[in-house]
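Next comes my_file27.cif, a file with mmCIF, C-alpha atoms.
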```
data_start
loop_
_atom_site.group_PDB
_atom_site.id
_atom_site.type_symbol
_atom_site.label_atom_id
_atom_site.label_comp_id
_atom_site.auth_asym_id
_atom_site.auth_seq_id
_atom_site.Cartn_x
_atom_site.Cartn_y
_atom_site.Cartn_z
ATOM 1 C CA MET A 14 -59.723 84.207 -14.345
ATOM 2 C CA SER A 15 -62.922 82.558 -15.640
ATOM 3 C CA THR A 16 -66.334 83.136 -14.079
ATOM 4 C CA ASP A 17 -66.305 79.655 -12.522
ATOM 5 C CA GLY A 18 -62.826 80.207 -11.166
ATOM 6 C CA ARG A 19 -63.795 83.550 -9.684
ATOM 7 C CA MET A 20 -66.887 82.029 -8.089
ATOM 8 C CA ASN A 21 -64.859 79.180 -6.598
ATOM 9 C CA ASP A 22 -62.390 81.679 -5.245
ATOM 10 C CA ASP A 23 -65.200 83.707 -3.632
ATOM 11 C CA ILE A 24 -66.677 80.569 -2.056
ATOM 12 C CA ARG A 25 -63.243 79.566 -0.790
ATOM 13 C CA ARG A 26 -62.701 82.965 0.803
ATOM 14 C CA LEU A 27 -66.171 82.864 2.331
ATOM 15 C CA GLY A 28 -65.548 79.447 3.837
ATOM 16 C CA ALA A 29 -62.123 80.430 5.123
ATOM 17 C CA SER A 30 -63.570 83.526 6.768
ATOM 18 C CA ALA A 31 -66.376 81.574 8.458
ATOM 19 C CA VAL A 32 -64.136 78.801 9.797
ATOM 20 C CA SER A 33 -61.451 81.153 11.061
ATOM 21 C CA GLY A 34 -64.067 83.361 12.730
ATOM 22 C CA LEU A 35 -65.505 80.452 14.706
ATOM 23 C CA ILE A 36 -62.039 79.220 15.692
ATOM 24 C CA ALA A 37 -61.114 82.672 16.959
ATOM 25 C CA ARG A 38 -64.374 83.000 18.909
ATOM 26 C CA CYS A 39 -63.710 79.742 20.788
ATOM 27 C CA PHE A 40 -60.628 81.329 22.343
ATOM 28 C CA ALA A 41 -62.171 84.729 23.057
ATOM 29 C CA HIS A 42 -65.666 83.844 24.341
ATOM 30 C CA PRO A 43 -64.786 83.354 28.050
ATOM 31 C CA MET A 44 -63.214 86.809 28.224
ATOM 32 C CA ASP A 45 -66.181 88.221 26.335
ATOM 33 C CA THR A 46 -68.503 86.766 29.008
ATOM 34 C CA VAL A 47 -66.484 88.489 31.719
ATOM 35 C CA ARG A 48 -66.467 91.755 29.751
ATOM 36 C CA THR A 49 -70.257 91.717 29.342
ATOM 37 C CA ASN A 50 -70.801 91.136 33.069
ATOM 38 C CA VAL A 51 -68.384 93.912 34.002
ATOM 39 C CA MET A 52 -69.989 96.426 31.634
ATOM 40 C CA ALA A 53 -73.600 95.579 32.469
ATOM 41 C CA ASN A 54 -73.026 95.405 36.248
ATOM 42 C CA PRO A 55 -70.106 97.682 37.181
ATOM 43 C CA GLY A 56 -70.701 97.192 40.914
ATOM 44 C CA GLN A 57 -69.413 93.617 40.864
ATOM 45 C CA GLY A 58 -65.810 94.712 41.300
ATOM 46 C CA SER A 59 -62.632 93.703 39.523
ATOM 47 C CA VAL A 60 -62.245 91.417 36.543
ATOM 48 C CA VAL A 61 -60.977 88.647 38.833
ATOM 49 C CA ALA A 62 -64.021 89.023 41.106
ATOM 50 C CA VAL A 63 -66.389 88.819 38.153
ATOM 51 C CA LEU A 64 -64.547 85.792 36.794
ATOM 52 C CA ARG A 65 -64.857 84.013 40.143
ATOM 53 C CA SER A 66 -68.545 84.906 40.347
ATOM 54 C CA VAL A 67 -69.294 83.475 36.912
ATOM 55 C CA VAL A 68 -67.381 80.259 37.598
ATOM 56 C CA ARG A 69 -68.967 79.929 41.046
ATOM 57 C CA SER A 70 -72.496 80.205 39.675
ATOM 58 C CA GLY A 71 -72.112 78.140 36.515
ATOM 59 C CA GLY A 72 -68.792 76.355 36.633
ATOM 60 C CA VAL A 73 -66.253 76.637 33.855
ATOM 61 C CA THR A 74 -69.052 76.121 31.341
ATOM 62 C CA GLY A 75 -70.596 79.328 32.678
ATOM 63 C CA LEU A 76 -67.875 81.185 30.808
ATOM 64 C CA TYR A 77 -69.422 79.859 27.593
ATOM 65 C CA ARG A 78 -72.952 81.102 28.212
ATOM 66 C CA GLY A 79 -74.384 82.354 24.948
ATOM 67 C CA PHE A 80 -71.925 80.403 22.846
ATOM 68 C CA GLY A 81 -74.746 78.534 21.093
ATOM 69 C CA ILE A 82 -76.143 81.613 19.359
ATOM 70 C CA THR A 83 -72.586 82.745 18.701
ATOM 71 C CA ALA A 84 -71.747 79.492 16.922
ATOM 72 C CA ALA A 85 -74.934 79.741 14.859
ATOM 73 C CA MET A 86 -74.576 83.391 13.847
ATOM 74 C CA HIS A 87 -70.847 84.053 13.904
ATOM 75 C CA ALA A 88 -70.063 82.256 10.655
ATOM 76 C CA PRO A 89 -72.451 84.269 8.444
ATOM 77 C CA ALA A 90 -71.626 87.440 10.374
ATOM 78 C CA ILE A 91 -67.854 87.249 9.971
ATOM 79 C CA ALA A 92 -68.148 85.953 6.415
ATOM 80 C CA SER A 93 -70.348 88.888 5.402
ATOM 81 C CA PHE A 94 -68.046 91.258 7.285
ATOM 82 C CA LEU A 95 -64.832 90.201 5.558
ATOM 83 C CA THR A 96 -66.408 89.597 2.154
ATOM 84 C CA THR A 97 -68.117 92.998 2.187
ATOM 85 C CA TYR A 98 -64.802 94.604 3.087
ATOM 86 C CA ASP A 99 -63.031 92.941 0.152
ATOM 87 C CA VAL A 100 -65.795 93.860 -2.305
ATOM 88 C CA ALA A 101 -66.118 97.415 -0.964
ATOM 89 C CA LYS A 102 -62.376 97.946 -1.261
ATOM 90 C CA ILE A 103 -62.494 97.070 -4.970
ATOM 91 C CA GLN A 104 -65.586 99.171 -5.643
ATOM 92 C CA CYS A 105 -64.297 102.183 -3.682
ATOM 93 C CA SER A 106 -61.076 102.082 -5.677
ATOM 94 C CA LYS A 107 -63.021 102.094 -8.953
ATOM 95 C CA LEU A 108 -65.421 104.865 -7.916
ATOM 96 C CA THR A 109 -62.816 107.198 -6.410
ATOM 97 C CA ASN A 110 -59.799 106.410 -8.629
ATOM 98 C CA LEU A 111 -57.823 105.802 -5.452
ATOM 99 C CA THR A 112 -55.547 102.801 -5.054
ATOM 100 C CA ALA A 113 -56.642 99.851 -2.925
ATOM 101 C CA GLN A 114 -53.831 100.798 -0.530
ATOM 102 C CA SER A 115 -55.306 104.233 0.209
ATOM 103 C CA PRO A 116 -56.283 104.735 3.896
ATOM 104 C CA LEU A 117 -59.474 106.476 2.710
ATOM 105 C CA VAL A 118 -60.494 103.309 0.861
ATOM 106 C CA HIS A 119 -59.797 101.239 3.982
ATOM 107 C CA LEU A 120 -61.867 103.590 6.157
ATOM 108 C CA ALA A 121 -64.861 103.562 3.799
ATOM 109 C CA SER A 122 -64.669 99.799 3.264
ATOM 110 C CA GLY A 123 -64.510 99.143 7.001
ATOM 111 C CA LEU A 124 -67.682 101.182 7.551
ATOM 112 C CA ALA A 125 -69.469 99.334 4.729
ATOM 113 C CA ALA A 126 -68.437 95.965 6.152
ATOM 114 C CA GLU A 127 -69.788 96.829 9.600
ATOM 115 C CA THR A 128 -73.069 98.230 8.273
ATOM 116 C CA VAL A 129 -73.856 95.074 6.285
ATOM 117 C CA SER A 130 -72.679 92.505 8.822
ATOM 118 C CA ALA A 131 -74.531 94.242 11.697
ATOM 119 C CA VAL A 132 -77.679 92.535 10.386
ATOM 120 C CA PHE A 133 -76.147 89.359 11.860
ATOM 121 C CA TRP A 134 -74.064 90.864 14.673
ATOM 122 C CA VAL A 135 -76.884 92.711 16.443
ATOM 123 C CA PRO A 136 -79.297 89.793 17.041
ATOM 124 C CA MET A 137 -76.331 87.643 18.019
ATOM 125 C CA GLU A 138 -75.068 90.205 20.523
ATOM 126 C CA VAL A 139 -78.515 90.848 22.026
ATOM 127 C CA LEU A 140 -79.143 87.151 22.724
ATOM 128 C CA LYS A 141 -75.548 86.313 23.623
ATOM 129 C CA GLN A 142 -75.211 89.103 26.153
ATOM 130 C CA ARG A 143 -78.526 88.329 27.819
ATOM 131 C CA ALA A 144 -77.541 84.681 28.151
ATOM 132 C CA GLN A 145 -74.169 85.712 29.576
ATOM 133 C CA LEU A 146 -75.878 87.705 32.342
ATOM 134 C CA ARG A 147 -78.200 84.872 33.389
ATOM 135 C CA GLU A 148 -77.739 81.986 35.794
ATOM 136 C CA GLY A 149 -79.136 78.483 36.065
ATOM 137 C CA ALA A 150 -81.468 76.862 33.544
ATOM 138 C CA SER A 151 -82.417 80.206 31.983
ATOM 139 C CA ALA A 152 -78.800 80.921 31.014
ATOM 140 C CA SER A 153 -79.184 79.739 27.437
ATOM 141 C CA SER A 154 -79.623 81.473 24.109
ATOM 142 C CA VAL A 155 -82.915 79.623 23.513
ATOM 143 C CA ALA A 156 -84.370 80.771 26.859
ATOM 144 C CA ALA A 157 -83.199 84.337 26.232
ATOM 145 C CA PHE A 158 -84.771 84.299 22.768
ATOM 146 C CA ARG A 159 -88.071 82.914 24.086
ATOM 147 C CA ASP A 160 -88.296 85.513 26.875
ATOM 148 C CA LEU A 161 -87.373 88.331 24.519
ATOM 149 C CA LEU A 162 -90.133 87.405 22.066
ATOM 150 C CA ARG A 163 -92.679 87.032 24.864
ATOM 151 C CA HIS A 164 -91.954 90.308 26.651
ATOM 152 C CA GLU A 165 -90.384 92.645 24.097
ATOM 153 C CA GLY A 166 -91.229 91.440 20.602
ATOM 154 C CA LEU A 167 -89.204 90.517 17.538
ATOM 155 C CA ARG A 168 -87.996 94.081 16.966
ATOM 156 C CA SER A 169 -85.952 93.856 20.153
ATOM 157 C CA LEU A 170 -83.570 91.505 18.364
ATOM 158 C CA PHE A 171 -82.302 94.577 16.511
ATOM 159 C CA ARG A 172 -82.189 96.853 19.535
ATOM 160 C CA GLY A 173 -79.114 98.997 19.266
ATOM 161 C CA TYR A 174 -78.553 98.447 15.526
ATOM 162 C CA ALA A 175 -77.830 102.124 14.836
ATOM 163 C CA LEU A 176 -75.670 102.330 17.936
ATOM 164 C CA THR A 177 -73.833 99.161 16.924
ATOM 165 C CA VAL A 178 -72.973 100.692 13.562
ATOM 166 C CA GLY A 179 -72.130 103.944 15.355
ATOM 167 C CA THR A 180 -69.827 102.036 17.727
ATOM 168 C CA PHE A 181 -68.238 99.389 15.543
ATOM 169 C CA GLY A 182 -68.388 101.435 12.360
ATOM 170 C CA PRO A 183 -65.588 103.696 13.669
ATOM 171 C CA TYR A 184 -63.966 100.616 15.191
ATOM 172 C CA SER A 185 -63.883 98.789 11.842
ATOM 173 C CA MET A 186 -62.738 101.923 10.033
ATOM 174 C CA LEU A 187 -59.812 102.385 12.416
ATOM 175 C CA TYR A 188 -59.099 98.678 12.552
ATOM 176 C CA PHE A 189 -58.797 98.086 8.817
ATOM 177 C CA ALA A 190 -56.912 101.320 8.210
ATOM 178 C CA ALA A 191 -54.374 100.364 10.881
ATOM 179 C CA TYR A 192 -54.277 96.715 9.797
ATOM 180 C CA GLU A 193 -53.487 97.562 6.185
ATOM 181 C CA GLN A 194 -50.809 100.018 7.275
ATOM 182 C CA TRP A 195 -49.203 97.429 9.538
ATOM 183 C CA LYS A 196 -49.198 94.880 6.733
ATOM 184 C CA GLY A 197 -47.589 97.452 4.445
ATOM 185 C CA PHE A 198 -44.955 98.110 7.106
ATOM 186 C CA PHE A 199 -44.104 94.417 7.411
ATOM 187 C CA CYS A 200 -44.031 94.026 3.621
ATOM 188 C CA ARG A 201 -41.428 96.779 3.395
ATOM 189 C CA LYS A 202 -39.488 95.385 6.342
ATOM 190 C CA ARG A 203 -39.453 91.832 4.922
ATOM 191 C CA GLU A 204 -38.873 93.164 1.384
ATOM 192 C CA VAL A 205 -41.816 91.247 -0.093
ATOM 193 C CA SER A 206 -44.258 92.466 -2.725
ATOM 194 C CA SER A 207 -47.505 91.038 -1.301
ATOM 195 C CA ALA A 208 -49.061 90.547 2.136
ATOM 196 C CA ARG A 209 -49.647 86.905 1.182
ATOM 197 C CA GLU A 210 -45.888 86.405 1.491
ATOM 198 C CA LEU A 211 -45.832 87.568 5.114
ATOM 199 C CA GLY A 212 -45.314 85.082 7.909
ATOM 200 C CA SER A 213 -47.890 84.117 10.531
ATOM 201 C CA VAL A 214 -46.208 86.224 13.206
ATOM 202 C CA ASP A 215 -46.475 89.353 11.060
ATOM 203 C CA ILE A 216 -50.198 88.777 10.379
ATOM 204 C CA LEU A 217 -50.864 88.047 14.057
ATOM 205 C CA ALA A 218 -49.007 91.173 15.164
ATOM 206 C CA SER A 219 -50.718 93.385 12.568
ATOM 207 C CA ALA A 220 -54.237 92.206 13.401
ATOM 208 C CA SER A 221 -53.811 92.192 17.189
ATOM 209 C CA ALA A 222 -52.178 95.628 17.351
ATOM 210 C CA SER A 223 -54.840 97.113 15.084
ATOM 211 C CA GLY A 224 -57.650 95.551 17.115
ATOM 212 C CA GLY A 225 -56.188 96.873 20.355
ATOM 213 C CA PHE A 226 -55.840 100.384 18.966
ATOM 214 C CA ALA A 227 -59.390 100.458 17.613
ATOM 215 C CA ALA A 228 -60.835 98.970 20.815
ATOM 216 C CA ALA A 229 -59.093 101.515 23.025
ATOM 217 C CA THR A 230 -60.552 104.325 20.922
ATOM 218 C CA THR A 231 -64.175 103.124 20.915
ATOM 219 C CA THR A 232 -64.567 101.615 24.423
ATOM 220 C CA PRO A 233 -67.001 104.268 25.836
ATOM 221 C CA LEU A 234 -69.422 103.703 22.954
ATOM 222 C CA ASP A 235 -69.243 99.937 23.493
ATOM 223 C CA ILE A 236 -70.269 100.368 27.138
ATOM 224 C CA ILE A 237 -73.331 102.375 26.114
ATOM 225 C CA LYS A 238 -74.275 99.805 23.467
ATOM 226 C CA THR A 239 -74.024 96.900 25.908
ATOM 227 C CA ARG A 240 -76.203 98.647 28.486
ATOM 228 C CA ILE A 241 -78.898 99.422 25.933
ATOM 229 C CA GLN A 242 -78.961 95.873 24.560
ATOM 230 C CA THR A 243 -79.062 94.183 27.974
ATOM 231 C CA GLN A 244 -81.128 96.576 30.088
ATOM 232 C CA GLY A 245 -83.469 98.239 27.590
ATOM 233 C CA ASP A 246 -83.571 101.814 26.379
ATOM 234 C CA VAL A 247 -81.464 103.997 28.645
ATOM 235 C CA LYS A 248 -80.903 107.709 28.313
ATOM 236 C CA PHE A 249 -77.580 108.686 26.799
ATOM 237 C CA GLN A 250 -76.830 110.988 29.727
ATOM 238 C CA VAL A 251 -77.226 108.134 32.191
ATOM 239 C CA CYS A 252 -74.945 105.901 30.143
ATOM 240 C CA THR A 253 -72.227 108.511 29.867
ATOM 241 C CA ARG A 254 -72.348 109.052 33.620
ATOM 242 C CA TYR A 255 -71.769 105.318 34.118
ATOM 243 C CA CYS A 256 -68.978 105.348 31.539
ATOM 244 C CA PHE A 257 -66.897 108.127 33.023
ATOM 245 C CA SER A 258 -67.808 108.108 36.732
ATOM 246 C CA SER A 259 -64.888 105.866 37.702
ATOM 247 C CA ILE A 260 -61.371 105.752 36.296
ATOM 248 C CA GLN A 261 -60.955 102.263 37.744
ATOM 249 C CA PHE A 262 -64.118 101.092 35.985
ATOM 250 C CA GLU A 263 -62.911 102.530 32.682
ATOM 251 C CA LEU A 264 -59.573 100.733 33.004
ATOM 252 C CA VAL A 265 -61.281 97.439 33.822
ATOM 253 C CA ILE A 266 -63.530 97.735 30.773
ATOM 254 C CA LEU A 267 -60.603 98.678 28.563
ATOM 255 C CA LEU A 268 -58.595 95.675 29.759
ATOM 256 C CA THR A 269 -61.428 93.200 29.203
ATOM 257 C CA ARG A 270 -62.096 94.692 25.790
ATOM 258 C CA LEU A 271 -58.482 94.781 24.678
ATOM 259 C CA LEU A 272 -57.676 91.161 25.472
ATOM 260 C CA PRO A 273 -60.378 89.647 23.220
ATOM 261 C CA ARG A 274 -59.084 91.818 20.383
ATOM 262 C CA VAL A 275 -56.297 89.267 20.055
ATOM 263 C CA ARG A 276 -58.964 87.114 18.374
ATOM 264 C CA HIS A 277 -58.572 89.380 15.340
ATOM 265 C CA GLY A 278 -55.022 88.133 15.170
ATOM 266 C CA LEU A 279 -56.261 84.548 15.360
ATOM 267 C CA LEU A 280 -58.967 85.291 12.794
ATOM 268 C CA PHE A 281 -56.640 86.731 10.174
ATOM 269 C CA LEU A 282 -53.901 84.275 11.063
ATOM 270 C CA ALA A 283 -56.356 81.476 10.258
ATOM 271 C CA ARG A 284 -57.965 83.227 7.291
ATOM 272 C CA GLU A 285 -54.965 84.262 5.228
ATOM 273 C CA PRO A 286 -52.951 81.014 5.394
ATOM 274 C CA ILE A 287 -56.143 79.030 4.637
ATOM 275 C CA GLN A 288 -56.608 81.062 1.483
ATOM 276 C CA VAL A 289 -52.983 80.702 0.494
ATOM 277 C CA ASN A 290 -52.815 76.958 1.183
ATOM 278 C CA VAL A 291 -56.060 76.121 -0.608
ATOM 279 C CA GLY A 292 -55.022 78.306 -3.537
ATOM 280 C CA SER A 293 -51.664 76.533 -3.681
ATOM 281 C CA VAL A 294 -53.337 73.124 -3.744
ATOM 282 C CA GLN A 295 -55.648 74.232 -6.554
ATOM 283 C CA THR A 296 -52.703 75.623 -8.523
ATOM 284 C CA ASN A 297 -50.715 72.405 -8.095
ATOM 285 C CA CYS A 298 -53.693 70.295 -9.174
ATOM 286 C CA ARG A 299 -54.180 72.366 -12.325
ATOM 287 C CA ARG A 300 -50.459 72.157 -13.098
ATOM 288 C CA ARG A 301 -50.475 68.373 -12.732
ATOM 289 C CA ARG A 302 -53.493 68.025 -15.003
ATOM 290 C CA LEU A 303 -51.723 70.084 -17.670
ATOM 291 C CA GLN A 304 -48.475 68.123 -17.316
ATOM 292 C CA GLY A 305 -50.155 64.748 -17.676
ATOM 293 C CA PRO A 306 -50.091 61.609 -15.520
ATOM 294 C CA HIS A 307 -46.501 60.590 -16.281
ATOM 295 C CA SER A 308 -44.744 63.900 -15.658
ATOM 296 C CA ARG A 309 -44.591 63.317 -11.897
ATOM 297 C CA HIS A 310 -42.390 60.280 -12.430
ATOM 298 C CA GLY A 311 -39.876 62.067 -14.618
ATOM 299 C CA SER A 312 -40.927 60.519 -17.985
#
```
Could you show the structure in this file as structure tokens?
Amino acid sequence: MSTDGRMNDDIRRLGASAVSGLIARCFAHPMDTVRTNVMANPGQGSVVAVLRSVVRSGGVTGLYRGFGITAAMHAPAIASFLTTYDVAKIQCSKLTNLTAQSPLVHLASGLAAETVSAVFWVPMEVLKQRAQLREGASASSVAAFRDLLRHEGLRSLFRGYALTVGTFGPYSMLYFAAYEQWKGFFCRKREVSSARELGSVDILASASASGGFAAATTTPLDIIKTRIQTQGDVKFQVCTRYCFSSIQFELVILLTRLLPRVRHGLLFLAREPIQVNVGSVQTNCRRRRLQGPHSRHGS
């Protein structure tokens, strides 16, 4: 492939990743709002009670508090996340002499992807979560950003960066390792040579199952991260006491964290067919140019 062709392919993958990420977030954001409220204020009760409280105070649109900053930051965040993973997988294979299908390569690439993309994820999460916990006119990303700068300074935008990497680094490692294994399983089951030949159901199942597994494993760390980003610096001992003091609370958090993981299925379901379809159109266009203008009419 020429340099121009490779660059076009990279841009296409970047665009596909960004669009699919935003589409997936539209479906998952209401549940994410509920999850943030449950984790930051465990005394509110069940998921249903929190849902009713959010809708009562802000209407249905209250479920989309913080969506503005999400829409602005999610595209570059998810694009850098997926692109870094693809690049890291190639580089890790070259440096270690392992195949791109090696679980060790998937683990290392997942950690690299999370470390790079956290530059976008952390400010987005800080502002989004604070907006999700507010009510009334102040429940906007702009108001949260203004108050944060006034009272805490610009550095607070990156509060919890190390903890984010420490939380979602293992999450991404487990997620991609499981996702690649699931795709390999479906390739063998369908007797196809490439994951690009898998159907939408297989991609959706692979991504959703992997996201659920990784989320279930890293939930306690996510609770700690959310508390630090929304309530300031809290001692680790205090956070762990909140995390494990109630079995019911743990189950509620796990449920609200597992359900949005389905967005990974939507993300990869959107991303992979977009890449395949655009690539097919480009291939057909090149073929037609080579065949000439009359070949389509059988002459």
Next item on the list: Extract, using all atoms listed in the file, all DNA, RNA and protein residues at most 10 Å from A:Leu117, discarding same-chain residues fewer than 3 positions from it, and format them as a list in words.
Entry: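 Near neighbours after the sequence-gap exclusion: Lys102, Cys105, Ser106, Thr109, Leu111, Thr112, Ala113, Gln114, Leu120, Ala121, Ser122, Gly123, Met186 and Ala190 of chain A.
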Item checked: Counting only C-alpha atoms, the option among A:Val51, A:Val68, A:Ala101, A:Phe226 closest to A:Glu127 ->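 Looking only at the distances to A:Glu127, the closest residue turns out to be A:Ala101.
Taking only C-alpha atoms into account, A:Leu124 lies nearest to A:Leu187 out of the set A:Leu64, A:Val155, A:Leu187, A:Ala92.
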Check: Which residue gives the smallest distance to A:Gln145 among A:Ala62, A:Met44, A:Leu217, A:Ile241, with only C-alpha atoms counted?
Finding: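 Smallest distance to A:Gln145 is found for A:Met44.
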Margin query: When you count all atoms listed in the file, which of these residues is closest to A:Glu148: A:Gly79, A:Gly224, A:Pro43, A:Gly28?
Written below: A:Gly79
Next item on the list: Work out how far atom CA of A:Ala152 is from atom CA of A:Ser93, in Å to one decimal.
Entry: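 Taking atom CA of A:Ser93 and atom CA of A:Ala152, their separation equals 28.1 Å.
Here atom CA of A:Gln242 and atom CA of A:Val139 stand 5.6 Å from one another.
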Check: Pick the closest to A:Ser223 from A:Ala88, A:Ala191, A:Leu35, A:Leu76: which is it, counting all atoms listed in the file?
Finding: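 Answer, going by the shortest atom-to-atom distance: A:Ala191.
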